[in-house]
file coords-v4.tsv (TSV, C-alpha atoms)
chain	number	residue	atom	x	y	z
I	61	MET	CA	71.15	104.28	89.38
I	62	PRO	CA	74.23	102.55	87.94
I	63	ILE	CA	75.62	105.75	86.43
I	64	LEU	CA	75.36	107.56	89.74
I	65	TYR	CA	76.97	104.61	91.50
I	66	PHE	CA	79.78	104.63	88.94
I	67	ILE	CA	80.41	108.35	89.46
I	68	LEU	CA	80.28	108.06	93.25
I	69	ILE	CA	82.82	105.23	93.18
I	70	LEU	CA	85.00	107.27	90.81
I	71	ILE	CA	84.92	110.23	93.20
I	72	THR	CA	85.71	107.94	96.14
I	73	GLY	CA	88.70	106.54	94.24
I	74	CYS	CA	89.81	110.08	93.37
I	75	PHE	CA	89.57	111.17	97.01
I	76	ALA	CA	91.38	108.05	98.30
I	77	GLY	CA	94.14	108.52	95.74
I	78	ALA	CA	94.62	112.18	96.69
I	79	VAL	CA	94.64	111.52	100.45
I	80	GLY	CA	96.98	108.58	99.89
I	81	ALA	CA	99.45	110.75	98.00
I	82	VAL	CA	99.29	113.62	100.51
I	83	SER	CA	99.53	111.43	103.63
I	84	GLY	CA	102.20	109.22	102.09
I	85	LEU	CA	100.21	106.10	102.88
I	86	GLY	CA	98.95	105.16	99.43
I	87	GLY	CA	95.36	104.92	98.21
I	88	GLY	CA	94.37	101.48	99.45
I	89	VAL	CA	94.28	102.25	103.15
I	90	LEU	CA	91.38	104.65	102.71
I	91	LEU	CA	89.78	103.00	99.70
I	92	ILE	CA	89.07	99.59	101.23
I	93	PRO	CA	87.31	101.01	104.33
I	94	ALA	CA	85.33	103.46	102.16
I	95	LEU	CA	84.13	100.78	99.76
I	96	THR	CA	83.24	98.26	102.45
I	97	ILE	CA	81.77	100.60	105.06
I	98	LEU	CA	80.10	103.25	102.88
I	99	PHE	CA	79.12	101.21	99.82
I	100	GLY	CA	78.73	97.73	101.30
I	101	VAL	CA	81.11	96.20	98.77
I	102	PRO	CA	82.31	92.70	99.79
I	103	ILE	CA	85.83	93.08	101.18
I	104	GLN	CA	87.43	90.77	98.62
I	105	TYR	CA	86.10	92.95	95.77
I	106	ALA	CA	87.30	96.09	97.60
I	107	ALA	CA	90.74	94.53	98.10
I	108	GLY	CA	90.88	93.41	94.45
I	109	ALA	CA	90.03	96.85	93.10
I	110	SER	CA	92.45	98.50	95.52
I	111	LEU	CA	95.37	96.20	94.70
I	112	ILE	CA	95.02	96.65	90.95
I	113	ALA	CA	94.67	100.43	91.34
I	114	THR	CA	97.92	100.39	93.34
I	115	ILE	CA	99.74	99.31	90.18
I	116	ALA	CA	98.48	102.40	88.38
I	117	THR	CA	99.57	104.85	91.07
I	118	SER	CA	102.92	103.14	91.56
I	119	SER	CA	103.79	103.13	87.88
I	120	GLY	CA	102.63	106.73	87.59
I	121	ALA	CA	104.77	107.88	90.51
I	122	ALA	CA	107.69	105.69	89.46
I	123	SER	CA	107.81	107.12	85.96
I	124	SER	CA	108.59	110.56	87.37
I	125	TYR	CA	110.96	109.30	90.07
I	126	VAL	CA	112.96	107.23	87.57
I	127	LYS	CA	113.48	110.40	85.57
I	128	ASP	CA	114.60	112.34	88.64
I	129	ARG	CA	117.04	109.49	89.50
I	130	LEU	CA	115.63	109.40	93.03
I	131	SER	CA	114.62	105.76	92.99
I	132	ASN	CA	117.42	103.23	93.03
I	133	ILE	CA	116.50	100.50	90.56
I	134	LYS	CA	119.18	98.07	91.72
I	135	ILE	CA	118.13	98.29	95.37
I	136	GLY	CA	114.47	98.05	94.40
I	137	MET	CA	114.98	95.04	92.16
I	138	SER	CA	117.04	93.07	94.66
I	139	LEU	CA	114.38	93.63	97.34
I	140	GLU	CA	111.57	92.64	95.01
I	141	ILE	CA	112.65	89.02	95.22
I	142	ALA	CA	111.17	89.05	98.73
I	143	THR	CA	108.17	91.30	98.04
I	144	THR	CA	106.92	89.23	95.08
I	145	LEU	CA	107.31	85.93	96.94
I	146	GLY	CA	105.61	87.49	99.97
I	147	ALA	CA	102.76	88.79	97.81
I	148	ILE	CA	102.16	85.33	96.35
I	149	ALA	CA	102.05	83.83	99.85
I	150	GLY	CA	99.83	86.63	101.18
I	151	ALA	CA	97.35	86.37	98.31
I	152	LEU	CA	97.11	82.61	98.77
I	153	VAL	CA	96.46	83.04	102.50
I	154	ALA	CA	93.78	85.64	101.66
I	155	GLY	CA	92.20	83.06	99.35
I	156	LEU	CA	92.11	80.52	102.16
I	157	ILE	CA	90.61	83.06	104.59
I	158	TYR	CA	87.84	84.12	102.17
I	159	ALA	CA	87.13	80.53	101.14
I	160	HIS	CA	86.42	79.74	104.79
I	161	GLY	CA	84.12	82.75	105.14
I	162	LEU	CA	86.49	84.50	107.54
I	163	GLY	CA	86.35	87.91	105.85
I	164	SER	CA	85.88	89.58	109.24
I	165	LEU	CA	89.43	88.48	110.09
I	166	ILE	CA	90.69	90.61	107.18
I	167	PHE	CA	88.84	93.63	108.65
I	168	ILE	CA	90.64	93.15	111.98
I	169	ILE	CA	94.10	92.61	110.45
I	170	PHE	CA	93.50	95.61	108.18
I	171	GLY	CA	92.63	97.88	111.10
I	172	ILE	CA	95.66	96.78	113.10
I	173	VAL	CA	98.06	97.18	110.16
I	174	LEU	CA	96.62	100.63	109.44
I	175	LEU	CA	97.04	101.70	113.07
I	176	LEU	CA	100.64	100.47	113.11
I	177	SER	CA	101.35	102.30	109.83
I	178	LEU	CA	100.43	105.64	111.36
I	179	TYR	CA	103.48	105.79	113.61
I	180	PRO	CA	106.10	105.62	110.84
I	181	ALA	CA	103.95	108.00	108.78
I	182	LEU	CA	104.14	110.46	111.68
I	183	MET	CA	107.89	109.98	111.88
I	184	GLN	CA	108.22	111.09	108.28
I	185	PHE	CA	107.47	114.61	109.47
I	186	LYS	CA	110.88	114.78	111.03
I	187	LYS	CA	113.56	116.50	109.05
I	188	ASN	CA	115.85	114.32	107.04
I	189	ARG	CA	118.75	113.83	109.36
I	190	LEU	CA	122.01	112.61	107.93
I	191	LYS	CA	122.41	108.99	108.76
I	192	PRO	CA	125.69	107.43	109.75
I	193	GLN	CA	127.18	105.75	106.72
I	194	ASN	CA	127.39	102.12	107.75
I	195	ARG	CA	128.83	99.51	105.47
I	196	ASP	CA	129.01	95.75	105.49
I	197	TRP	CA	129.72	93.10	102.86
I	198	THR	CA	126.24	93.48	101.35
I	199	THR	CA	126.88	97.16	100.61
I	200	LYS	CA	129.41	96.23	97.97
I	201	THR	CA	127.95	92.93	96.74
I	202	PHE	CA	124.43	94.24	96.17
I	203	GLN	CA	125.58	97.73	95.17
I	204	LEU	CA	123.57	99.50	97.85
I	205	SER	CA	124.99	102.92	97.11
I	206	GLY	CA	124.12	105.76	94.83
I	207	SER	CA	123.66	109.49	94.60
I	208	TYR	CA	120.94	111.98	93.86
I	209	TYR	CA	120.70	115.70	93.40
I	210	ASP	CA	119.00	117.41	96.34
I	211	GLU	CA	116.96	120.40	95.21
I	212	ALA	CA	116.75	121.99	98.67
I	213	SER	CA	120.47	122.06	99.47
I	214	ARG	CA	121.52	122.16	95.79
I	215	LYS	CA	124.05	119.44	96.36
I	216	THR	CA	124.59	115.95	95.09
I	217	VAL	CA	124.07	113.56	97.98
I	218	HIS	CA	126.06	110.33	98.00
I	219	TYR	CA	124.65	107.55	100.09
I	220	SER	CA	125.12	103.89	100.90
I	221	GLY	CA	123.04	101.41	102.81
I	222	TYR	CA	123.79	98.15	104.54
I	223	ARG	CA	122.10	95.10	106.12
I	224	TRP	CA	120.61	93.93	102.84
I	225	TRP	CA	119.38	90.77	104.56
I	226	LEU	CA	117.35	92.79	107.08
I	227	GLY	CA	115.78	94.79	104.26
I	228	GLU	CA	114.93	91.54	102.52
I	229	ILE	CA	113.21	90.13	105.63
I	230	VAL	CA	111.08	93.25	106.13
I	231	MET	CA	110.22	93.22	102.41
I	232	GLY	CA	109.02	89.64	102.63
I	233	PHE	CA	106.65	90.73	105.37
I	234	ALA	CA	105.59	93.79	103.33
I	235	GLY	CA	104.78	91.50	100.41
I	236	ILE	CA	102.66	89.20	102.59
I	237	ILE	CA	100.63	92.17	103.91
I	238	SER	CA	100.20	93.53	100.39
I	239	GLY	CA	98.87	90.22	99.07
I	240	LEU	CA	96.77	89.55	102.16
I	241	LEU	CA	95.02	92.92	102.38
I	242	GLY	CA	95.16	94.28	98.85
I	243	ILE	CA	97.23	97.36	99.67
I	244	GLY	CA	100.63	98.57	98.48
I	245	SER	CA	102.16	98.36	101.99
I	246	GLY	CA	104.50	101.21	101.13
I	247	VAL	CA	104.96	102.09	104.81
I	248	LEU	CA	106.50	98.69	105.51
I	249	LYS	CA	108.74	99.02	102.48
I	250	VAL	CA	109.89	102.40	103.75
I	251	ILE	CA	110.62	100.87	107.18
I	252	GLY	CA	112.71	98.16	105.52
I	253	MET	CA	114.92	100.61	103.68
I	254	ASP	CA	114.93	103.51	106.16
I	255	TRP	CA	115.22	101.69	109.48
I	256	GLY	CA	116.62	98.41	108.18
I	257	MET	CA	119.13	99.47	105.58
I	258	LYS	CA	119.62	103.10	106.66
I	259	LEU	CA	119.01	104.57	103.24
I	260	PRO	CA	118.02	108.25	102.90
I	261	MET	CA	114.28	108.93	103.18
I	262	LYS	CA	113.99	110.46	99.70
I	263	VAL	CA	115.55	107.43	98.06
I	264	THR	CA	113.49	105.14	100.27
I	265	THR	CA	110.12	106.65	99.37
I	266	ALA	CA	110.89	106.86	95.67
I	267	THR	CA	112.22	103.30	95.50
I	268	SER	CA	109.26	102.04	97.50
I	269	ASP	CA	106.82	103.68	95.07
I	270	PHE	CA	108.52	101.94	92.20
I	271	MET	CA	108.51	98.56	93.98
I	272	ILE	CA	104.82	98.65	94.92
I	273	GLY	CA	103.70	98.14	91.32
I	274	VAL	CA	105.76	94.98	90.86
I	275	THR	CA	104.57	93.58	94.21
I	276	ALA	CA	100.95	94.41	93.42
I	277	ALA	CA	101.20	92.82	89.98
I	278	ALA	CA	102.05	89.47	91.59
I	279	GLY	CA	99.16	89.74	94.08
I	280	SER	CA	96.69	91.03	91.46
I	281	ALA	CA	97.33	88.09	89.14
I	282	ILE	CA	96.37	85.68	91.92
I	283	TYR	CA	93.39	87.82	92.99
I	284	TRP	CA	92.33	87.69	89.35
I	285	SER	CA	92.22	83.89	89.34
I	286	PHE	CA	90.29	83.87	92.63
I	287	GLY	CA	87.72	86.19	91.03
I	288	TYR	CA	88.27	89.09	93.45
I	289	ILE	CA	88.37	91.64	90.66
I	290	GLN	CA	84.92	92.92	89.75
I	291	PRO	CA	85.33	94.81	86.45
I	292	PHE	CA	82.55	97.32	86.99
I	293	LEU	CA	83.99	98.25	90.39
I	294	ALA	CA	87.65	98.16	89.35
I	295	ALA	CA	86.99	100.45	86.34
I	296	PRO	CA	85.96	103.61	88.24
I	297	ILE	CA	88.48	102.84	91.01
I	298	VAL	CA	91.49	102.56	88.70
I	299	VAL	CA	90.61	105.76	86.85
I	300	GLY	CA	89.59	107.65	90.00
I	301	VAL	CA	92.62	106.67	92.09
I	302	LEU	CA	94.93	107.57	89.22
I	303	MET	CA	93.36	111.02	88.88
I	304	GLY	CA	93.41	111.57	92.63
I	305	ALA	CA	97.02	110.46	93.04
I	306	PHE	CA	98.07	112.80	90.26
I	307	ALA	CA	96.24	115.74	91.82
I	308	GLY	CA	97.54	114.79	95.27
I	309	SER	CA	101.17	114.71	94.20
I	310	LYS	CA	100.80	118.14	92.59
I	311	LEU	CA	99.25	119.37	95.82
I	312	LEU	CA	102.12	117.85	97.77
I	313	GLU	CA	104.71	119.68	95.68
I	314	LYS	CA	103.04	123.01	96.37
I	315	SER	CA	102.35	122.83	100.05
I	316	ALA	CA	103.29	119.96	102.28
I	317	SER	CA	101.27	121.47	105.09
I	318	ARG	CA	101.79	119.61	108.33
I	319	LYS	CA	98.32	120.45	109.55
I	320	ILE	CA	96.67	118.84	106.52
I	321	ARG	CA	98.77	115.71	106.92
I	322	MET	CA	98.04	115.52	110.61
I	323	PHE	CA	94.33	115.84	109.91
I	324	PHE	CA	94.45	112.92	107.48
I	325	LEU	CA	96.40	110.78	109.93
I	326	VAL	CA	93.76	111.39	112.59
I	327	VAL	CA	91.02	110.45	110.09
I	328	LEU	CA	92.92	107.28	109.25
I	329	ALA	CA	93.22	106.38	112.93
I	330	VAL	CA	89.43	106.61	113.27
I	331	VAL	CA	89.01	104.53	110.11
I	332	ALA	CA	91.40	101.88	111.48
I	333	LEU	CA	89.40	101.57	114.69
I	334	GLU	CA	86.16	101.36	112.73
I	335	MET	CA	87.58	98.47	110.69
I	336	VAL	CA	88.65	96.54	113.81
I	337	LEU	CA	85.24	97.09	115.44
I	338	ARG	CA	83.48	95.98	112.27
I	339	GLY	CA	85.59	92.86	112.12
I	340	LEU	CA	84.74	92.10	115.73
I	341	GLY	CA	81.07	92.58	114.93
I	342	VAL	CA	80.68	95.52	117.31
I	343	ALA	CA	80.07	98.29	114.78
K	7	MET	CA	126.53	107.23	80.92
K	8	THR	CA	124.31	108.71	78.19
K	9	LYS	CA	123.15	105.22	77.32
K	10	HIS	CA	122.06	104.74	80.90
K	11	ILE	CA	120.00	107.94	80.93
K	12	ASP	CA	118.27	106.96	77.70
K	13	PHE	CA	117.39	103.63	79.26
K	14	ASN	CA	115.85	105.31	82.31
K	15	ASP	CA	113.83	107.65	80.13
K	16	ALA	CA	112.64	104.74	78.02
K	17	VAL	CA	111.45	102.95	81.16
K	18	ALA	CA	109.70	106.08	82.41
K	19	TYR	CA	107.87	106.62	79.12
K	20	SER	CA	106.89	102.98	78.72
K	21	LEU	CA	105.40	103.00	82.23
K	22	LYS	CA	103.41	106.12	81.46
K	23	ALA	CA	102.27	104.72	78.11
K	24	GLY	CA	101.13	101.50	79.78
K	25	ILE	CA	99.01	103.33	82.33
K	26	LEU	CA	97.45	105.69	79.81
K	27	LEU	CA	96.60	102.80	77.48
K	28	SER	CA	95.10	100.89	80.39
K	29	ALA	CA	93.03	103.86	81.59
K	30	ALA	CA	91.81	104.52	78.03
K	31	LEU	CA	90.70	100.89	77.55
K	32	VAL	CA	88.97	100.84	80.95
K	33	LEU	CA	87.12	104.11	80.28
K	34	PHE	CA	86.09	103.02	76.79
K	35	GLY	CA	84.83	99.74	78.25
K	36	ALA	CA	82.77	101.58	80.86
K	37	PHE	CA	81.36	103.82	78.13
K	38	LEU	CA	80.34	100.73	76.10
K	39	VAL	CA	78.64	99.16	79.12
K	40	PHE	CA	76.52	102.29	79.58
K	41	TYR	CA	75.89	102.74	75.88
K	42	TYR	CA	74.61	99.18	75.37
K	43	ASN	CA	72.97	99.16	78.77
K	44	GLY	CA	74.92	96.08	79.83
K	45	ALA	CA	77.27	93.46	78.43
K	46	SER	CA	77.45	89.68	77.94
K	47	GLY	CA	73.65	89.42	78.21
K	48	LEU	CA	73.68	90.97	81.67
K	49	SER	CA	71.87	94.15	82.55
K	50	LEU	CA	73.56	97.27	83.80
K	51	SER	CA	72.17	96.81	87.30
K	52	GLN	CA	73.38	93.19	87.44
K	53	LEU	CA	76.88	94.33	86.48
K	54	SER	CA	77.02	97.28	88.84
K	55	ALA	CA	75.54	95.68	91.97
K	56	SER	CA	78.10	95.93	94.76
K	57	ASN	CA	77.92	92.17	95.28
K	58	SER	CA	77.74	91.44	91.54
K	59	GLN	CA	78.47	87.84	90.57
K	60	VAL	CA	80.41	89.08	87.55
K	61	ASN	CA	84.15	88.96	88.27
K	62	THR	CA	87.44	87.85	86.80
K	63	HIS	CA	86.62	84.25	87.69
K	64	THR	CA	83.65	84.21	85.33
K	65	TYR	CA	85.61	85.36	82.27
K	66	SER	CA	88.28	83.33	80.53
K	67	ILE	CA	91.06	85.08	78.62
K	68	SER	CA	89.66	83.81	75.29
K	69	GLU	CA	86.22	85.19	76.18
K	70	ILE	CA	87.82	88.58	76.87
K	71	PHE	CA	89.43	88.65	73.45
K	72	SER	CA	86.36	87.42	71.57
K	73	GLY	CA	84.34	90.09	73.39
K	74	ILE	CA	86.61	92.82	72.03
K	75	ALA	CA	85.39	92.14	68.48
K	76	ASN	CA	81.78	92.34	69.68
K	77	LEU	CA	82.39	95.64	71.49
K	78	ASN	CA	81.67	94.00	74.82
K	79	GLY	CA	82.32	96.68	77.47
K	80	ILE	CA	83.41	94.26	80.18
K	81	SER	CA	85.96	92.76	77.79
K	82	PHE	CA	87.49	96.19	77.23
K	83	ILE	CA	87.63	96.90	80.96
K	84	LEU	CA	89.30	93.55	81.64
K	85	LEU	CA	91.76	94.06	78.78
K	86	GLY	CA	92.66	97.43	80.29
K	87	LEU	CA	93.28	95.74	83.64
K	88	ILE	CA	95.45	93.09	81.95
K	89	VAL	CA	97.51	95.89	80.38
K	90	LEU	CA	97.83	97.41	83.86
K	91	ILE	CA	99.13	94.17	85.41
K	92	THR	CA	101.50	93.69	82.46
K	93	THR	CA	103.12	97.15	82.84
K	94	PRO	CA	105.36	96.28	85.84
K	95	VAL	CA	106.16	92.86	84.33
K	96	PHE	CA	107.31	94.59	81.17
K	97	ARG	CA	109.43	96.93	83.26
K	98	VAL	CA	111.17	94.03	85.02
K	99	LEU	CA	111.74	92.36	81.64
K	100	ILE	CA	113.46	95.52	80.36
K	101	SER	CA	115.73	95.48	83.43
K	102	VAL	CA	116.64	91.82	82.85
K	103	LEU	CA	117.70	92.62	79.30
K	104	ALA	CA	119.56	95.77	80.34
K	105	PHE	CA	121.62	93.94	82.99
K	106	LEU	CA	122.33	91.15	80.53
K	107	ARG	CA	123.68	93.67	78.04
K	108	GLU	CA	125.72	95.41	80.73
K	109	GLY	CA	127.23	92.06	81.62
K	110	ASN	CA	126.17	92.46	85.26
K	111	ARG	CA	125.67	88.78	86.10
K	112	LEU	CA	124.47	89.21	89.68
K	113	PHE	CA	121.77	91.71	88.76
K	114	PHE	CA	120.85	89.75	85.67
K	115	ALA	CA	120.18	86.80	88.01
K	116	ILE	CA	118.32	88.97	90.55
K	117	THR	CA	115.99	90.56	88.00
K	118	LEU	CA	115.46	87.18	86.34
K	119	ILE	CA	114.32	85.74	89.70
K	120	VAL	CA	111.85	88.65	90.11
K	121	LEU	CA	110.56	88.03	86.58
K	122	ILE	CA	110.15	84.31	87.30
K	123	ASP	CA	108.27	85.15	90.55
K	124	LEU	CA	105.88	87.31	88.52
K	125	LEU	CA	105.39	84.68	85.82
K	126	VAL	CA	104.74	82.04	88.47
K	127	ALA	CA	102.11	84.33	90.05
K	128	ILE	CA	100.48	85.02	86.67
K	129	PHE	CA	100.58	81.62	84.96
K	130	ILE	CA	101.38	78.84	87.39
K	131	VAL	CA	99.63	79.66	90.70
K	132	PRO	CA	96.22	80.40	89.06
K	133	HIS	CA	96.42	77.03	87.32
K	134	PHE	CA	96.44	75.33	90.70
K	135	VAL	CA	93.98	77.50	92.59
K	136	ALA	CA	91.39	77.63	89.79
K	137	GLY	CA	91.50	73.89	89.18
call {"tool": "encode", "arguments": {"input": "coords-v4.tsv", "output": "structure tokens"}}
result
Amino acid sequence: MPILYFILILITGCFAGAVGAVSGLGGGVLLIPALTILFGVPIQYAAGASLIATIATSSGAASSYVKDRLSNIKIGMSLEIATTLGAIAGALVAGLIYAHGLGSLIFIIFGIVLLLSLYPALMQFKKNRLKPQNRDWTTKTFQLSGSYYDEASRKTVHYSGYRWWLGEIVMGFAGIISGLLGIGSGVLKVIGMDWGMKLPMKVTTATSDFMIGVTAAAGSAIYWSFGYIQPFLAAPIVVGVLMGAFAGSKLLEKSASRKIRMFFLVVLAVVALEMVLRGLGVA
Amino acid sequence: MTKHIDFNDAVAYSLKAGILLSAALVLFGAFLVFYYNGASGLSLSQLSASNSQVNTHTYSISEIFSGIANLNGISFILLGLIVLITTPVFRVLISVLAFLREGNRLFFAITLIVLIDLLVAIFIVPHFVAG
């Protein structure tokens, strides 16, 4: 029943989008395993649908962050040089891997990347500590400072980051993973800005959300030419993920319950192992 | 300062408009596919099979646009997806123009590089991989 299939995929997209928003990991990490394992979709089609849906969620989230002045457009733009180039490289490597029938390799890499993403996602539970304000020449040249209004403390927070080059290196890697696996790789982007450049977590997450769309656009265009985007699969996914992400972000505003987040992270750990096992041909 | 805020709001609204337009086109396309029980001479079950042979490789851009006039559902879905990919590109383009107007040479150059990266990914790389 095509209509039933369409609705089931839509619901899956909705669920993945909501969990992605609540766990802070994005929709793709749950979507690709769900489509491949539950629905038997070829992994390149799952990755294609996921990557293009990432643009929708990113632009949706970014439009509200830009208005709240949380995302720093200058920092985001300067780092996108590396993410877009990385995404092009990653998508081309994905093309090579699929062309040689090595799709199982993508399963294994996906599982490992997902497992590694869980640690920084766990770390995000920690309270926002004030970071030491380090400066170097890149702070001034690339204008790595800004301010935002913090609702909780009702104060305007001034911040500045440094080590632009380190951020750029991590972003290049984030771009490669995004293009290779068809995910937003927001966790890696957060690592680049939080750990690498020592920017505040709020600015980091908001800027990362805004960057993901631009990165995914580069990867999606190449996926498009490879034929990894199956319109009848991408249609319910894009709409479903968008609905889910919207609902998830509303849910997040109301109650950022630690228990719920922890539960999702445990689920994702199981999913990651399942992907590795599948890639190895065990499961 | 006020000019800056207006610019941010404009970006935020254009992003939202892009997504809504894309979602509307995609949903309308899906509706057409169900209504006509298929598209492009393919049956609904051929289109919806999880390993369907119908993908972006099988449709050229000109076919997508000619399909719009014939109310081809797949054409509408693909057009919606093109709008989706274009949204971030449009956003980068706005930033390029904004930094140019501000006279911020470094950031004009940075955003221009990002725009070129995107255009290379959209127009130049596919030319080589598809050929």
call {"tool": "closest_residue", "arguments": {"input": "coords-v4.tsv", "among": "I:Gly227, I:Gly221, I:Gly163, I:Pro62", "to": "I:Ala142", "atoms": "all atoms listed in the file"}}
result
I:Gly227
call {"tool": "residues_around", "arguments": {"input": "coords-v4.tsv", "residues": "K:Ala115", "least_positions_apart": "2", "cutoff": "12 Å", "atoms": "all atoms listed in the file", "output": "JSON, numbers by chain"}}
result
{"I": [134, 137, 138, 141, 202], "K": [98, 99, 101, 102, 103, 104, 105, 106, 109, 110, 111, 112, 113, 117, 118, 119, 120, 121, 122]}
call {"tool": "interface_residues", "arguments": {"input": "coords-v4.tsv", "of": "chain K", "to": "chain I", "cutoff": "6 Å", "atoms": "only C-alpha atoms", "output": "VMD selection string"}}
result
chain K and resid 18 21 32 54 56 61 to 63 91 94 116 120 124 127 to 128 132
call {"tool": "atom_distance", "arguments": {"input": "coords-v4.tsv", "atom1": "atom CA of K:Ser68", "atom2": "atom CA of K:Arg97"}}
result
25.0 Å
call {"tool": "residues_around", "arguments": {"input": "coords-v4.tsv", "residues": "K:Asn76", "least_positions_apart": "5", "cutoff": "10 Å", "atoms": "all atoms listed in the file", "output": "MDAnalysis selection string"}}
result
chainID K and resid 45:46 71 81
call {"tool": "write_last_selection", "arguments": {"input": "coords-v4.tsv", "atoms": "C-alpha atoms", "output": "short mmCIF file (atom, residue, chain, number, x, y, z; two decimals), in the coordinates of the input"}}
result
data_model
loop_
_atom_site.label_atom_id
_atom_site.label_comp_id
_atom_site.auth_asym_id
_atom_site.auth_seq_id
_atom_site.Cartn_x
_atom_site.Cartn_y
_atom_site.Cartn_z
CA ALA K 45 77.27 93.46 78.43
CA SER K 46 77.45 89.68 77.94
CA PHE K 71 89.43 88.65 73.45
CA SER K 81 85.96 92.76 77.79
#
call {"tool": "closest_residue", "arguments": {"input": "coords-v4.tsv", "among": "I:Gln193, I:Thr72, I:Ser164, I:Thr198", "to": "I:Gln104", "atoms": "all atoms listed in the file"}}
result
I:Ser164
call {"tool": "atom_distance", "arguments": {"input": "coords-v4.tsv", "atom1": "atom CA of I:Lys258", "atom2": "atom CA of I:Thr199"}}
result
11.2 Å
call {"tool": "closest_residue", "arguments": {"input": "coords-v4.tsv", "among": "K:Leu87, K:Val17, K:Ile80, K:Ile130", "to": "K:Phe40", "atoms": "all atoms listed in the file"}}
result
K:Ile80
call {"tool": "atom_distance", "arguments": {"input": "coords-v4.tsv", "atom1": "atom CA of I:Ile251", "atom2": "atom CA of I:Glu211"}}
result
23.8 Å
call {"tool": "residues_near_point", "arguments": {"input": "coords-v4.tsv", "point": "(96.4, 109.9, 100.3)", "cutoff": "10 Å", "atoms": "all atoms listed in the file", "output": "MDAnalysis selection string"}}
result
chainID I and resid 74:91 301 304:305 308:309 321 324:325 328
call {"tool": "closest_residue", "arguments": {"input": "coords-v4.tsv", "among": "I:Leu174, I:Val326, I:Ile297, I:Ile320", "to": "I:Leu68", "atoms": "all atoms listed in the file"}}
result
I:Ile297
call {"tool": "residues_around", "arguments": {"input": "coords-v4.tsv", "residues": "I:Lys262", "least_positions_apart": "5", "cutoff": "10 Å", "atoms": "only C-alpha atoms", "output": "list in words"}}
result
Leu130, Ser131, Asn188, Tyr208, Asp210, Val250, Asp254, Thr267 and Ser268 of chain I
